[in-house]
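Structure file query.txt (compact mmCIF, C-alpha atoms) follows.
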```txt
# COMPACT_ATOMS: atom_id res chain seq x y z
CA MET A 1 -20.88 16.10 -4.21
CA ALA A 2 -17.83 18.30 -4.53
CA ARG A 3 -16.16 19.78 -7.59
CA LYS A 4 -12.60 20.88 -8.29
CA GLU A 5 -11.40 22.68 -11.41
CA PHE A 6 -7.96 22.37 -12.99
CA GLN A 7 -6.37 23.98 -16.05
CA HIS A 8 -8.00 21.68 -18.62
CA TYR A 9 -10.25 19.39 -16.55
CA GLU A 10 -12.88 19.38 -13.87
CA ALA A 11 -13.19 16.63 -11.27
CA VAL A 12 -16.30 15.73 -9.29
CA SER A 13 -16.78 13.33 -6.38
CA ALA A 14 -19.07 10.41 -7.16
CA ALA A 15 -20.42 7.08 -5.95
CA VAL A 16 -20.43 4.06 -8.27
CA PRO A 17 -22.76 1.12 -7.52
CA GLY A 18 -21.23 -2.33 -7.39
CA GLU A 19 -21.66 -5.74 -5.86
CA GLY A 20 -22.65 -5.40 -2.23
CA GLY A 21 -22.44 -1.62 -2.03
CA TYR A 22 -20.89 1.47 -3.55
CA SER A 23 -17.39 2.56 -4.47
CA ALA A 24 -15.98 6.05 -4.02
CA ALA A 25 -15.00 7.60 -7.34
CA ILE A 26 -13.83 10.79 -8.98
CA ALA A 27 -15.35 11.68 -12.34
CA VAL A 28 -13.13 13.65 -14.73
CA LYS A 29 -14.18 15.60 -17.79
CA GLY A 30 -12.52 18.23 -19.97
CA LEU A 31 -13.54 21.81 -19.17
CA GLY A 32 -16.34 22.81 -21.50
CA ALA A 33 -16.34 19.36 -23.09
CA GLY A 34 -19.51 17.49 -23.86
CA GLY A 35 -20.13 13.81 -23.33
CA ALA A 36 -19.77 11.52 -20.38
CA PRO A 37 -17.00 11.87 -17.80
CA ALA A 38 -14.42 9.17 -17.09
CA PHE A 39 -14.89 7.59 -13.68
CA HIS A 40 -11.86 6.68 -11.59
CA ARG A 41 -12.56 4.47 -8.59
CA VAL A 42 -10.60 5.50 -5.52
CA LEU A 43 -10.12 3.67 -2.22
CA HIS A 44 -10.16 0.36 -4.10
CA ASP A 45 -10.08 -1.75 -0.94
CA GLN A 46 -13.25 -0.20 0.51
CA SER A 47 -16.94 -0.68 -0.19
CA PHE A 48 -19.67 1.54 1.27
CA LYS A 49 -23.22 0.62 2.23
CA THR A 50 -24.74 3.83 0.90
CA ALA A 51 -24.09 6.15 -2.03
CA LEU A 52 -23.84 9.04 0.43
CA ALA A 53 -21.04 7.36 2.39
CA ALA A 54 -19.17 6.58 -0.83
CA ASP A 55 -19.53 10.16 -2.04
CA GLN A 56 -18.31 11.53 1.30
CA ALA A 57 -15.20 9.35 1.01
CA ALA A 58 -14.73 10.54 -2.58
CA VAL A 59 -14.95 14.17 -1.38
CA GLN A 60 -12.02 13.50 0.98
CA GLU A 61 -10.00 12.00 -1.88
CA LEU A 62 -10.92 14.94 -4.11
CA GLU A 63 -9.38 17.24 -1.50
CA ARG A 64 -6.07 15.34 -1.97
CA LEU A 65 -6.24 15.67 -5.76
CA ILE A 66 -3.61 18.15 -6.95
CA ASP A 67 -3.95 17.83 -10.73
CA VAL A 68 -5.26 15.87 -13.68
CA THR A 69 -2.71 14.90 -16.36
CA SER A 70 -3.18 15.68 -20.03
CA GLU A 71 -4.32 12.04 -20.42
CA GLY A 72 -7.02 12.51 -17.75
CA GLU A 73 -5.20 10.56 -15.01
CA LEU A 74 -5.46 11.64 -11.37
CA MET A 75 -2.47 13.02 -9.47
CA PHE A 76 -2.74 13.00 -5.67
CA ALA A 77 -0.70 14.75 -2.98
CA GLN A 78 1.48 12.33 -1.04
CA ASP A 79 0.55 11.84 2.61
```

Would you mind writing the file out in structure tokens?
Amino acid sequence: MARKEFQHYEAVSAAVPGEGGYSAAIAVKGLGAGGAPAFHRVLHDQSFKTALAADQAAVQELERLIDVTSEGELMFAQD
């Protein structure tokens, strides 16, 4: 699990269980805010056999994350 902090939000790598495996995801929550984070699945075309593999893929995507909008949407660096 990896964490990245932005001006108003924090983002954390995550694995989300699904049919036939796990999806890589990034969970976003307001800094200092209570409640559950919003999960954003990333790498939509990929499924992983283990939660660890999905989280490792999410960590790589988190490294590309450059900001979170005021609406909580992810903004990635272009390759």

Q | Distance query segment 57-71 of chain A at most 8 Å, only C-alpha atoms, self and fewer than 2 positions along chain excluded, as a PyMOL selection string | A | chain A and resi 1-4+6+8-9+11-15+24-26+42+53-55+73-77

Q | Length of the atom CA of Ala51 of chain A to atom CA of Gln7 of chain A vector [Å] | A |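 Straight-line distance from atom CA of Ala51 of chain A to atom CA of Gln7 of chain A works out to 28.8 Å.
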
Q: May I ask for the distance between atom CA of Phe48 of chain A and atom CA of Tyr22 of chain A, given in Å to one decimal place?
A: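 Taking atom CA of Phe48 of chain A as the start and atom CA of Tyr22 of chain A as the end point, the length is 5.0 Å.
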
**Q.** Length of the atom CA of Ala27 of chain A to atom CA of Gln56 of chain A vector [Å]
**A.** 14.0 Å

Give, as lines of an AutoDock Vina configuration file, the centre coordinates and the x, y and z edge lengths in Å to one decimal for an axis-aligned box around all listed atoms of segment 4-21 of chain A, padded by 5 Å on each side.
```
center_x = -14.6
center_y = 9.1
center_z = -10.3
size_x = 26.4
size_y = 39.7
size_z = 26.6
```

Q | Option closest in space to Gly32 of chain A, from A:Val16, A:Gln78, A:Glu10, A:Gly72 [counting all atoms listed in the file] | A |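 The answer is A:Glu10, which sits nearest to Gly32 of chain A.
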